[in-house]
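Undergrad: Contents of structure.txt (compact mmCIF, C-alpha atoms (C1' of nucleotides)) are below:
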# COMPACT_ATOMS: atom_id res chain seq x y z
CA MET A 1178 -31.41 -31.76 17.62
CA GLU A 1179 -28.02 -33.37 18.10
CA THR A 1180 -24.70 -32.18 16.79
CA PRO A 1181 -24.00 -34.27 13.68
CA SER A 1182 -21.24 -36.74 14.36
CA SER A 1183 -19.68 -35.83 11.01
CA LEU A 1184 -18.80 -32.43 12.40
CA ILE A 1185 -17.18 -33.92 15.44
CA LEU A 1186 -15.22 -36.27 13.23
CA ASP A 1187 -14.10 -33.36 11.06
CA ARG A 1188 -12.76 -31.55 14.06
CA GLU A 1189 -11.02 -34.67 15.22
CA THR A 1190 -9.52 -35.03 11.78
CA LYS A 1191 -8.29 -31.48 11.83
CA ALA A 1192 -6.93 -31.72 15.34
CA ASN A 1193 -5.48 -35.18 15.45
CA GLU A 1194 -4.97 -36.83 12.12
CA ARG A 1195 -3.24 -33.96 10.36
CA PRO A 1196 -1.29 -32.21 13.09
CA GLY A 1197 0.43 -29.07 11.86
CA ASP A 1198 -1.47 -29.01 8.59
CA HIS A 1199 -3.09 -25.65 7.99
CA LYS A 1200 -3.38 -25.64 4.23
CA ASP A 1201 -7.11 -24.90 4.28
CA GLU A 1202 -6.69 -21.76 6.31
CA LEU A 1203 -3.90 -20.65 4.01
CA ARG A 1204 -5.99 -21.22 0.90
CA LEU A 1205 -8.85 -19.33 2.52
CA TRP A 1206 -6.61 -16.37 3.29
CA LEU A 1207 -5.16 -16.26 -0.21
CA ARG A 1208 -8.62 -16.31 -1.72
CA MET A 1209 -9.81 -13.53 0.59
CA LEU A 1210 -6.75 -11.49 -0.33
CA THR A 1211 -7.42 -12.01 -4.02
CA CYS A 1212 -10.99 -10.75 -3.64
CA SER A 1213 -9.95 -7.71 -1.62
CA THR A 1214 -7.19 -6.84 -4.05
CA LEU A 1215 -9.43 -7.17 -7.09
CA ILE A 1216 -12.06 -4.90 -5.54
CA GLU A 1217 -9.56 -2.38 -4.29
CA THR A 1218 -7.74 -2.13 -7.61
CA GLU A 1219 -10.99 -1.72 -9.50
CA ILE A 1220 -12.30 0.99 -7.16
CA ARG A 1221 -8.94 2.73 -7.34
CA ASN A 1222 -9.07 2.74 -11.16
CA ARG A 1223 -12.62 4.03 -11.29
CA LEU A 1224 -11.97 6.78 -8.75
CA ARG A 1225 -9.04 7.94 -10.83
CA GLU A 1226 -10.84 7.73 -14.18
CA GLU A 1227 -14.13 9.22 -13.07
CA PHE A 1228 -13.12 11.62 -10.29
CA LYS A 1229 -9.38 12.08 -10.64
CA THR A 1230 -8.84 11.14 -7.00
CA THR A 1231 -7.36 8.31 -4.96
CA LEU A 1232 -8.73 5.68 -2.60
CA PRO A 1233 -6.95 6.99 0.53
CA ARG A 1234 -8.47 10.41 -0.06
CA PHE A 1235 -11.91 8.93 -0.62
CA ASP A 1236 -11.65 6.79 2.52
CA LEU A 1237 -10.59 9.73 4.62
CA MET A 1238 -13.45 11.90 3.36
CA ALA A 1239 -15.85 9.00 4.02
CA GLN A 1240 -14.91 9.10 7.69
CA LEU A 1241 -15.40 12.85 7.93
CA ASP A 1242 -18.74 12.64 6.16
CA LYS A 1243 -20.09 10.55 9.04
CA THR A 1244 -19.89 13.37 11.56
CA ALA A 1245 -21.19 16.90 11.77
CA VAL A 1246 -18.80 18.06 14.49
CA GLY A 1247 -15.57 16.79 12.96
CA MET A 1248 -13.04 14.17 13.99
CA THR A 1249 -9.53 14.22 15.41
CA VAL A 1250 -6.50 12.95 13.52
CA GLY A 1251 -6.18 10.07 15.97
CA GLU A 1252 -9.80 9.08 15.58
CA VAL A 1253 -9.54 8.99 11.78
CA SER A 1254 -6.29 7.08 12.04
CA GLN A 1255 -7.90 4.43 14.25
CA ARG A 1256 -10.98 4.04 12.10
CA LEU A 1257 -9.01 3.74 8.88
CA MET A 1258 -6.47 1.47 10.55
CA VAL A 1259 -3.53 3.49 9.25
CA SER A 1260 -0.74 5.36 11.04
CA ASN A 1261 -1.12 8.90 12.37
CA GLY A 1262 1.57 10.17 10.07
CA ASN A 1263 -0.30 8.85 7.10
CA VAL A 1264 -3.45 10.77 8.07
CA THR A 1265 -1.38 13.93 8.50
CA ALA A 1266 -0.01 13.56 4.97
CA VAL A 1267 -3.29 12.75 3.21
CA VAL A 1268 -5.13 15.51 5.09
CA ALA A 1269 -2.49 18.01 3.95
CA GLY A 1270 -3.42 17.33 0.33
CA LEU A 1271 -7.15 17.59 1.00
CA VAL A 1272 -6.70 20.88 2.87
CA THR A 1273 -4.72 22.27 -0.07
CA ASP A 1274 -7.56 21.29 -2.38
CA GLY A 1275 -10.14 23.00 -0.15
CA LEU A 1276 -11.98 19.77 0.64
CA VAL A 1277 -11.07 19.48 4.31
CA ASP A 1278 -10.73 22.00 7.09
CA LYS A 1279 -8.26 21.52 9.95
CA ARG A 1280 -8.10 23.54 13.19
CA SER A 1281 -6.84 23.05 16.73
CA ALA A 1282 -9.46 22.30 19.34
CA PRO A 1283 -9.88 25.40 21.56
CA GLN A 1284 -9.91 23.45 24.84
CA ASP A 1285 -6.97 21.14 24.01
CA ARG A 1286 -4.45 22.53 21.62
CA ARG A 1287 -2.77 19.18 21.04
CA VAL A 1288 -5.82 18.01 19.15
CA GLN A 1289 -6.59 18.84 15.52
CA ILE A 1290 -10.23 18.80 14.47
CA LEU A 1291 -10.86 17.75 10.89
CA THR A 1292 -14.09 18.53 9.03
CA LEU A 1293 -15.26 18.42 5.44
CA THR A 1294 -15.70 21.83 3.87
CA ALA A 1295 -19.03 22.53 2.15
CA GLN A 1296 -17.34 21.79 -1.15
CA GLY A 1297 -15.71 18.69 0.28
CA ARG A 1298 -19.05 17.35 1.42
CA LYS A 1299 -20.65 18.02 -1.95
CA VAL A 1300 -17.80 16.36 -3.84
CA PHE A 1301 -17.77 13.38 -1.49
CA ARG A 1302 -21.51 12.76 -1.71
CA ALA A 1303 -21.32 12.58 -5.48
CA MET A 1304 -18.46 10.10 -5.33
CA ALA A 1305 -20.10 8.01 -2.60
CA GLU A 1306 -23.20 7.47 -4.69
CA ARG A 1307 -21.19 6.13 -7.60
CA HIS A 1308 -18.99 4.11 -5.24
CA GLU A 1309 -22.00 2.34 -3.78
CA ASP A 1310 -23.16 1.40 -7.28
CA TRP A 1311 -19.73 0.08 -8.19
CA ILE A 1312 -19.62 -2.16 -5.14
CA ALA A 1313 -23.08 -3.50 -5.89
CA GLU A 1314 -22.01 -4.19 -9.47
CA LEU A 1315 -18.96 -6.10 -8.28
CA PHE A 1316 -21.04 -8.31 -5.96
CA ALA A 1317 -23.86 -8.76 -8.47
CA GLY A 1318 -23.10 -12.48 -8.83
CA LEU A 1319 -24.20 -13.16 -5.24
CA ASP A 1320 -27.84 -13.26 -4.20
CA GLN A 1321 -29.13 -11.73 -0.99
CA ALA A 1322 -28.85 -14.94 1.01
CA GLU A 1323 -25.25 -15.44 -0.04
CA ILE A 1324 -24.41 -11.87 0.85
CA ALA A 1325 -25.95 -12.31 4.29
CA GLN A 1326 -24.13 -15.59 4.82
CA LEU A 1327 -20.79 -14.18 3.74
CA PHE A 1328 -21.34 -11.17 5.99
CA ARG A 1329 -22.03 -13.46 8.92
CA LEU A 1330 -18.94 -15.61 8.34
CA LEU A 1331 -16.72 -12.56 8.00
CA GLY A 1332 -18.16 -11.38 11.30
CA GLN A 1333 -16.95 -14.59 12.89
CA THR A 1334 -13.62 -14.13 11.21
CA LYS A 1335 -13.34 -10.63 12.64
CA THR A 1336 -14.03 -11.97 16.12
CA SER A 1337 -11.43 -14.68 15.64
CA LEU A 1338 -8.88 -12.14 14.45
CA HIS A 1339 -9.44 -9.84 17.39
CA ARG A 1340 -9.01 -12.69 19.80
CA ALA A 1341 -5.80 -13.86 18.13
CA ILE A 1342 -4.33 -10.39 17.74
CA THR A 1343 -5.14 -8.81 21.09
CA GLY A 1344 -4.07 -12.06 22.69
CA ARG A 1345 -0.46 -11.03 22.13
CA GLN A 1346 -0.81 -7.29 22.74
CA ASP A 1347 2.81 -6.37 22.00
CA ASN A 1348 1.77 -4.99 18.65
CA ALA A 1349 2.99 -1.73 17.22
CA ILE A 1350 -0.15 0.24 16.48
CA GLY A 1351 -3.36 -0.01 18.47
CA MET A 1352 -5.50 -1.56 15.78
CA ALA A 1353 -9.08 -0.55 16.37
CA GLY A 1354 -10.47 -3.04 13.90
CA GLY A 1355 -13.65 -1.09 13.35
CA GLU A 1356 -15.88 -1.58 10.37
CA ASN A 1357 -14.11 1.10 8.36
CA GLY A 1358 -17.36 2.98 8.03
CA MET B 723 -37.76 -29.52 -3.11
CA GLU B 724 -39.14 -26.09 -3.94
CA THR B 725 -37.43 -22.76 -3.64
CA PRO B 726 -38.69 -21.19 -0.41
CA SER B 727 -41.00 -18.29 -1.19
CA SER B 728 -39.22 -16.20 1.42
CA LEU B 729 -36.13 -16.13 -0.77
CA ILE B 730 -38.10 -15.01 -3.78
CA LEU B 731 -39.69 -12.29 -1.71
CA ASP B 732 -36.28 -11.19 -0.51
CA ARG B 733 -35.05 -10.85 -4.04
CA GLU B 734 -38.15 -8.89 -5.00
CA THR B 735 -37.55 -6.62 -2.06
CA LYS B 736 -34.02 -6.04 -3.15
CA ALA B 737 -34.91 -5.46 -6.77
CA ASN B 738 -38.16 -3.53 -6.53
CA GLU B 739 -38.95 -2.05 -3.18
CA ARG B 740 -35.57 -0.48 -2.52
CA PRO B 741 -34.28 0.51 -5.94
CA GLY B 742 -30.79 1.89 -5.87
CA ASP B 743 -30.17 0.67 -2.35
CA HIS B 744 -26.95 -1.27 -2.09
CA LYS B 745 -26.15 -0.84 1.57
CA ASP B 746 -25.77 -4.58 2.20
CA GLU B 747 -23.11 -4.95 -0.46
CA LEU B 748 -21.30 -1.95 0.93
CA ARG B 749 -21.37 -3.30 4.49
CA LEU B 750 -20.11 -6.64 3.18
CA TRP B 751 -17.22 -5.00 1.38
CA LEU B 752 -16.23 -2.92 4.40
CA ARG B 753 -16.23 -6.00 6.61
CA MET B 754 -14.14 -7.94 4.12
CA LEU B 755 -11.69 -5.06 3.94
CA THR B 756 -11.47 -4.94 7.73
CA CYS B 757 -10.61 -8.65 7.88
CA SER B 758 -8.01 -8.41 5.14
CA THR B 759 -6.41 -5.36 6.69
CA LEU B 760 -6.25 -6.92 10.15
CA ILE B 761 -4.61 -10.05 8.79
CA GLU B 762 -2.21 -8.18 6.57
CA THR B 763 -1.11 -5.81 9.32
CA GLU B 764 -0.58 -8.66 11.74
CA ILE B 765 1.45 -10.72 9.26
CA ARG B 766 3.48 -7.65 8.38
CA ASN B 767 4.27 -7.04 12.06
CA ARG B 768 5.26 -10.64 12.71
CA LEU B 769 7.44 -10.84 9.59
CA ARG B 770 9.25 -7.72 10.73
CA GLU B 771 9.62 -8.81 14.36
CA GLU B 772 10.57 -12.41 13.72
CA PHE B 773 12.39 -12.27 10.39
CA LYS B 774 13.20 -8.59 9.82
CA THR B 775 11.59 -8.67 6.41
CA THR B 776 8.51 -7.27 4.68
CA LEU B 777 5.33 -8.73 3.21
CA PRO B 778 6.09 -7.75 -0.41
CA ARG B 779 9.43 -9.54 -0.18
CA PHE B 780 7.81 -12.60 1.38
CA ASP B 781 5.08 -12.68 -1.29
CA LEU B 782 7.60 -12.42 -4.07
CA MET B 783 9.72 -15.22 -2.67
CA ALA B 784 6.58 -17.31 -2.24
CA GLN B 785 5.97 -17.12 -5.98
CA LEU B 786 9.53 -18.11 -6.81
CA ASP B 787 9.41 -21.00 -4.36
CA LYS B 788 6.67 -22.60 -6.44
CA THR B 789 8.90 -23.22 -9.42
CA ALA B 790 12.19 -24.99 -10.01
CA VAL B 791 12.96 -23.33 -13.35
CA GLY B 792 12.30 -19.72 -12.33
CA MET B 793 9.77 -17.15 -13.36
CA THR B 794 9.83 -14.00 -15.47
CA VAL B 795 9.23 -10.54 -14.07
CA GLY B 796 5.94 -10.32 -15.95
CA GLU B 797 4.76 -13.65 -14.62
CA VAL B 798 5.47 -12.67 -11.03
CA SER B 799 3.83 -9.32 -11.59
CA GLN B 800 0.63 -10.97 -12.88
CA ARG B 801 0.47 -13.50 -10.09
CA LEU B 802 1.02 -10.94 -7.36
CA MET B 803 -1.33 -8.47 -9.07
CA VAL B 804 1.18 -5.64 -8.83
CA SER B 805 2.85 -3.52 -11.50
CA ASN B 806 6.00 -4.58 -13.36
CA GLY B 807 7.94 -1.66 -11.98
CA ASN B 808 7.12 -2.75 -8.50
CA VAL B 809 8.51 -6.24 -9.10
CA THR B 810 11.67 -4.71 -10.54
CA ALA B 811 12.17 -2.67 -7.38
CA VAL B 812 11.47 -5.42 -4.85
CA VAL B 813 13.60 -7.91 -6.78
CA ALA B 814 16.50 -5.45 -6.73
CA GLY B 815 16.51 -5.57 -2.93
CA LEU B 816 16.30 -9.35 -2.82
CA VAL B 817 19.16 -9.70 -5.32
CA THR B 818 21.28 -7.37 -3.19
CA ASP B 819 20.58 -9.56 -0.18
CA GLY B 820 21.57 -12.69 -2.09
CA LEU B 821 18.10 -14.26 -1.86
CA VAL B 822 17.13 -14.05 -5.51
CA ASP B 823 19.03 -14.56 -8.71
CA LYS B 824 18.19 -12.66 -11.90
CA ARG B 825 19.49 -13.37 -15.40
CA SER B 826 18.38 -12.75 -18.97
CA ALA B 827 16.89 -15.71 -20.78
CA PRO B 828 19.41 -16.91 -23.37
CA GLN B 829 16.85 -17.31 -26.16
CA ASP B 830 15.01 -14.01 -25.57
CA ARG B 831 17.06 -11.26 -24.08
CA ARG B 832 14.02 -9.11 -23.26
CA VAL B 833 13.05 -11.58 -20.57
CA GLN B 834 14.55 -11.75 -17.08
CA ILE B 835 14.41 -15.09 -15.30
CA LEU B 836 14.08 -14.88 -11.53
CA THR B 837 14.96 -17.77 -9.22
CA LEU B 838 15.50 -18.20 -5.51
CA THR B 839 19.12 -18.75 -4.56
CA ALA B 840 19.88 -21.75 -2.34
CA GLN B 841 19.99 -19.38 0.62
CA GLY B 842 16.79 -17.68 -0.52
CA ARG B 843 14.97 -20.99 -0.64
CA LYS B 844 16.21 -21.96 2.77
CA VAL B 845 15.24 -18.63 4.30
CA PHE B 846 11.84 -18.69 2.62
CA ARG B 847 10.96 -22.21 3.73
CA ALA B 848 11.62 -21.27 7.34
CA MET B 849 9.41 -18.21 7.07
CA ALA B 850 6.66 -20.05 5.20
CA GLU B 851 6.33 -22.60 7.96
CA ARG B 852 5.81 -19.91 10.58
CA HIS B 853 3.52 -17.98 8.24
CA GLU B 854 1.22 -20.96 7.85
CA ASP B 855 0.97 -21.30 11.61
CA TRP B 856 0.17 -17.63 12.02
CA ILE B 857 -2.67 -17.81 9.51
CA ALA B 858 -4.09 -20.87 11.22
CA GLU B 859 -3.90 -19.07 14.54
CA LEU B 860 -5.77 -16.08 13.12
CA PHE B 861 -8.57 -18.28 11.78
CA ALA B 862 -8.72 -20.49 14.88
CA GLY B 863 -12.20 -19.21 15.76
CA LEU B 864 -13.72 -20.88 12.70
CA ASP B 865 -14.36 -24.62 12.52
CA GLN B 866 -13.65 -26.68 9.44
CA ALA B 867 -17.19 -26.38 8.06
CA GLU B 868 -17.14 -22.61 8.39
CA ILE B 869 -13.79 -22.41 6.67
CA ALA B 870 -15.10 -24.50 3.80
CA GLN B 871 -18.25 -22.42 3.54
CA LEU B 872 -16.36 -19.15 3.58
CA PHE B 873 -13.95 -20.49 0.97
CA ARG B 874 -16.87 -21.42 -1.26
CA LEU B 875 -18.58 -18.05 -0.95
CA LEU B 876 -15.35 -16.21 -1.68
CA GLY B 877 -15.03 -18.40 -4.76
CA GLN B 878 -18.40 -17.11 -5.94
CA THR B 879 -17.30 -13.61 -5.12
CA LYS B 880 -14.19 -14.06 -7.23
CA THR B 881 -16.29 -15.23 -10.16
CA SER B 882 -18.60 -12.27 -9.73
CA LEU B 883 -15.67 -9.88 -9.63
CA HIS B 884 -14.09 -11.29 -12.77
CA ARG B 885 -17.35 -10.97 -14.63
CA ALA B 886 -17.87 -7.37 -13.49
CA ILE B 887 -14.28 -6.31 -14.09
CA THR B 888 -13.52 -7.96 -17.42
CA GLY B 889 -16.93 -6.81 -18.59
CA ARG B 890 -15.52 -3.31 -19.03
CA GLN B 891 -12.04 -4.24 -20.26
CA ASP B 892 -10.69 -0.68 -20.49
CA ASN B 893 -8.69 -1.26 -17.36
CA ALA B 894 -5.12 -0.19 -16.92
CA ILE B 895 -3.29 -3.34 -15.92
CA GLY B 896 -4.14 -6.85 -17.06
CA MET B 897 -5.26 -8.17 -13.71
CA ALA B 898 -4.73 -11.89 -13.68
CA GLY B 899 -6.76 -12.47 -10.54
CA GLY B 900 -5.02 -15.69 -9.65
CA GLU B 901 -5.04 -17.20 -6.21
CA ASN B 902 -1.87 -15.43 -5.15
CA GLY B 903 -0.22 -18.69 -4.45
C1' DA C 772 3.75 24.78 41.78
C1' DG C 773 7.21 22.14 39.27
C1' DA C 774 8.94 17.72 37.51
C1' DA C 775 7.62 13.65 35.30
C1' DA C 776 4.57 11.07 32.65
C1' DT C 777 1.15 10.93 29.21
C1' DT C 778 -1.13 12.22 25.06
C1' DA C 779 -1.74 14.02 20.14
C1' DT C 780 0.36 15.13 16.26
C1' DT C 781 4.12 15.96 12.99
C1' DT C 782 8.49 14.97 10.99
C1' DT C 783 11.86 11.91 9.08
C1' DA C 784 13.81 8.20 6.58
C1' DA C 785 12.97 4.43 4.02
C1' DG C 786 10.33 1.30 1.35
C1' DC C 787 6.11 0.20 -1.48
C1' DC C 788 3.27 1.14 -5.37
C1' DT C 789 1.39 3.02 -9.52
C1' DA C 790 0.85 5.08 -14.33
C1' DA C 791 3.15 6.60 -18.02
C1' DA C 792 7.21 7.23 -20.69
C1' DA C 793 11.53 5.29 -22.16
C1' DT C 794 14.66 1.54 -23.46
C1' DG C 795 16.07 -2.45 -25.54
C1' DT C 796 14.65 -6.78 -27.96
C1' DT C 797 12.05 -9.70 -30.98
C1' DT C 798 8.48 -10.52 -34.32
C1' DT C 799 5.64 -9.16 -38.04
C1' DT C 800 4.82 -7.07 -42.25
C1' DG C 801 5.30 -4.60 -46.52
C1' DC D 258 15.50 -7.15 -45.58
C1' DA D 259 14.11 -2.97 -43.32
C1' DA D 260 10.42 -0.48 -41.13
C1' DA D 261 6.79 -0.98 -38.05
C1' DA D 262 4.51 -3.23 -34.44
C1' DA D 263 4.58 -5.82 -30.39
C1' DC D 264 6.69 -7.19 -26.22
C1' DA D 265 9.33 -7.30 -21.60
C1' DT D 266 11.37 -4.67 -18.55
C1' DT D 267 13.17 -0.46 -16.41
C1' DT D 268 12.99 4.30 -15.29
C1' DT D 269 10.68 8.33 -13.62
C1' DA D 270 7.77 11.18 -10.96
C1' DG D 271 4.64 11.31 -7.57
C1' DG D 272 1.68 9.65 -3.92
C1' DC D 273 0.97 6.24 -0.01
C1' DT D 274 2.56 3.98 4.09
C1' DT D 275 5.03 2.78 8.04
C1' DA D 276 8.04 2.87 12.39
C1' DA D 277 10.50 5.56 15.13
C1' DA D 278 12.05 9.97 16.74
C1' DA D 279 10.81 14.67 17.66
C1' DT D 280 7.69 18.32 19.07
C1' DA D 281 4.16 20.36 21.62
C1' DA D 282 0.48 20.41 25.02
C1' DT D 283 -1.89 18.56 28.96
C1' DT D 284 -2.33 15.82 33.11
C1' DT D 285 -0.52 13.53 37.13
C1' DC D 286 2.18 13.23 41.05
C1' DT D 287 4.84 14.79 44.87
Before we go any further, please render this structure as structure tokens.
TA:
Amino acid sequence: METPSSLILDRETKANERPGDHKDELRLWLRMLTCSTLIETEIRNRLREEFKTTLPRFDLMAQLDKTAVGMTVGEVSQRLMVSNGNVTAVVAGLVTDGLVDKRSAPQDRRVQILTLTAQGRKVFRAMAERHEDWIAELFAGLDQAEIAQLFRLLGQTKTSLHRAITGRQDNAIGMAGGENG
Amino acid sequence: METPSSLILDRETKANERPGDHKDELRLWLRMLTCSTLIETEIRNRLREEFKTTLPRFDLMAQLDKTAVGMTVGEVSQRLMVSNGNVTAVVAGLVTDGLVDKRSAPQDRRVQILTLTAQGRKVFRAMAERHEDWIAELFAGLDQAEIAQLFRLLGQTKTSLHRAITGRQDNAIGMAGGENG
DNA sequence: AGAAATTATTTTAAGCCTAAAATGTTTTTG
DNA sequence: CAAAAACATTTTAGGCTTAAAATAATTTCT
């Protein structure tokens, strides 16, 4: 099966006939941003209304729920793709509320080990169940094939981003670029 | 051409054999969030390094650049999908820096009309050109067909989101859900 | 071992962002 | 026309977020 010549022509068009034109990529990015923002805002609202909590707190607890032995501040910071200082601040609130436990590692006292408390785990599990339903509800207009296709294309996007970003590794924070969960 | 039976089976699987399972949607959302965050962080870093400015300021100026006659605070707030108070604050900084002009509308003194100053427009245009290149660079791993496909699927996602969100219109802020630009 | 470098986290200062209440203006209504 | 309702924006209080500097602990190097 040969590569369709139309594709080749498209690439030629992109590369040669419209040099410096990147409007399609820009439109794509703006649309992706719109989708992300709509979802984030909606989840934020529902977390507040239904559980009187915030998205950063939920996200942090989601990381801790994935491990039995706990996680360091740096590890959480990398996975959530936020700064260390931010983790420190959000954790402080969760510790105050008895949802997270924080203690220095015995063998390396620089490191702080974070774990969910029993209550924290219970509270998180209840929220996570609802959260999963909300997400499904938001994507209800896409069938399974479309979801799979979109997932695949975003995978390619992620690869492209990593290549472009690590290509000029003078960046501030060491972005892990994990799957957030 | 008939619908492939495999697709029907897939939908049945989703609907009947794994009731309450929405892991695919969740994975999709986390991957989308990862992509958005990577792009946003990178653009933020480059705006700071190259132009000593921030993304919220850039986004606000981008809205004002699209009009000759100016825009109200509320209009900008809707288009950027942020709160009114936030626009007030960011605008204050831009006015101080001489990039944006703000004046009450003569016929309705509740309304504030925001416009780019001549300098603001000049500064913005320079940044916008670089910004467009950066976005293209980040998406360089996708060919034109993939970009088009992704754009289409995100369009469906947007429609799905609007249906799910406006369906329960007890939300706090009137999310416009525009294309951000 | 002791100095220097590295690593992990916290603190600081500043800006972003929101929801809700307050302010000032215009429109509607009785 | 005056009171009430609606509207646009700002203020307020509080939480999130970052970059950069500071602190504290461990590892490396001589």
Undergrad: For chain C against chain A, which residues fall within 10 Å using all atoms listed in the file, given as a CSV table (one decimal) with C-alpha atoms (C1' of nucleotides), in the coordinates of the input?
TA:
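Written output follows (result-v1.csv):
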chain,number,residue,atom,x,y,z
C,778,DT,C1',-1.1,12.2,25.1
C,779,DA,C1',-1.7,14.0,20.1
C,780,DT,C1',0.4,15.1,16.3
C,781,DT,C1',4.1,16.0,13.0
C,782,DT,C1',8.5,15.0,11.0
Undergrad: At a cut-off of 9 Å, can you tabulate as a tab-separated table every residue of chain C near range 267-270 of chain D together with its closest atom pair and the distance in Å to one decimal, using only C-alpha atoms (C1' of nucleotides) and ordering rows by chain then number?
TA:
residue	atom	partner	partner_atom	distance
C:DA791	C1'	D:DT269	C1'	8.9
C:DA792	C1'	D:DT269	C1'	8.0
C:DA793	C1'	D:DT268	C1'	7.1
C:DT794	C1'	D:DT267	C1'	7.5
Undergrad: Quick one: of A:Val1259, A:Leu1224, A:Ser1254, A:Glu1323, who's nearest to chain D, counting only C-alpha atoms (C1' of nucleotides)?
TA: A:Val1259
Undergrad: Measuring between only C-alpha atoms (C1' of nucleotides), which one of D:DA282, D:DA265, D:DA276, D:DA259 shows the shortest distance to chain A?
TA: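 Smallest separation from chain A among the options: D:DA282.
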Undergrad: Contacts from chain D to chain A, 10 Å maximum, only C-alpha atoms (C1' of nucleotides): show me the residue list as a PyMOL selection string.
TA: chain D and resi 272-276+281-283
Undergrad: Just give me the gap between CA of Ile1342 in chain A and CA of Leu755 in chain B in Å, one decimal is fine.
TA: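 Spanning CA of Ile1342 in chain A to CA of Leu755 in chain B is a straight-line distance of 16.5 Å.
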Undergrad: With 7 Å as the limit and counting all atoms listed in the file, what residues in chain B lie close to chain A? Please list them as a ChimeraX atom specification.
TA: /B:733,744,747-748,750,752-758,760,854-855,857-864,866,872-873,875-876,879-880,882-883,886,899,901-903
Undergrad: I'd like the box whose edges run along x, y and z of the file and which contains every listed atom of range 857-867 of chain B, padded by 3 Å per side; could you state its centre and edge lengths in Å, one decimal, as lines of an AutoDock Vina configuration file?
TA:
center_x = -9.9
center_y = -21.4
center_z = 11.9
size_x = 20.5
size_y = 16.6
size_z = 13.7
Undergrad: Between C:DA774, C:DG795, C:DA790, C:DT800, which one has atoms that come closest to DT287 in chain D, using only C-alpha atoms (C1' of nucleotides)?
TA: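 Among the listed residues, the smallest separation from DT287 in chain D belongs to C:DA774.
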Undergrad: I'd like to know which of B:Met793, B:Met783, B:Ala827, B:Val813 is closest to Gly842 in chain B, using all atoms listed in the file.
TA: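 The answer is B:Met783, which sits nearest to Gly842 in chain B.
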Undergrad: Could you check how far CA of Thr1292 in chain A sits from CA of Lys1279 in chain A, in Å to one decimal?
TA: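 Interatomic distance here is 6.6 Å.
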Undergrad: Between CA of Leu1276 in chain A and CA of Ala1295 in chain A, measure the distance and give it in Å to one decimal.
TA: 7.7 Å
Undergrad: Show which residues sit within 12 Å of DT285 in chain D, as a PyMOL selection string. Count only C-alpha atoms (C1' of nucleotides), and ignore same-chain residues fewer than 6 positions away.
TA: chain C and resi 773-777
Undergrad: Using all atoms listed in the file, which residue out of D:DC264, D:DC286, D:DT280, D:DG271 lies closest to DC788 in chain C?
TA: D:DG271
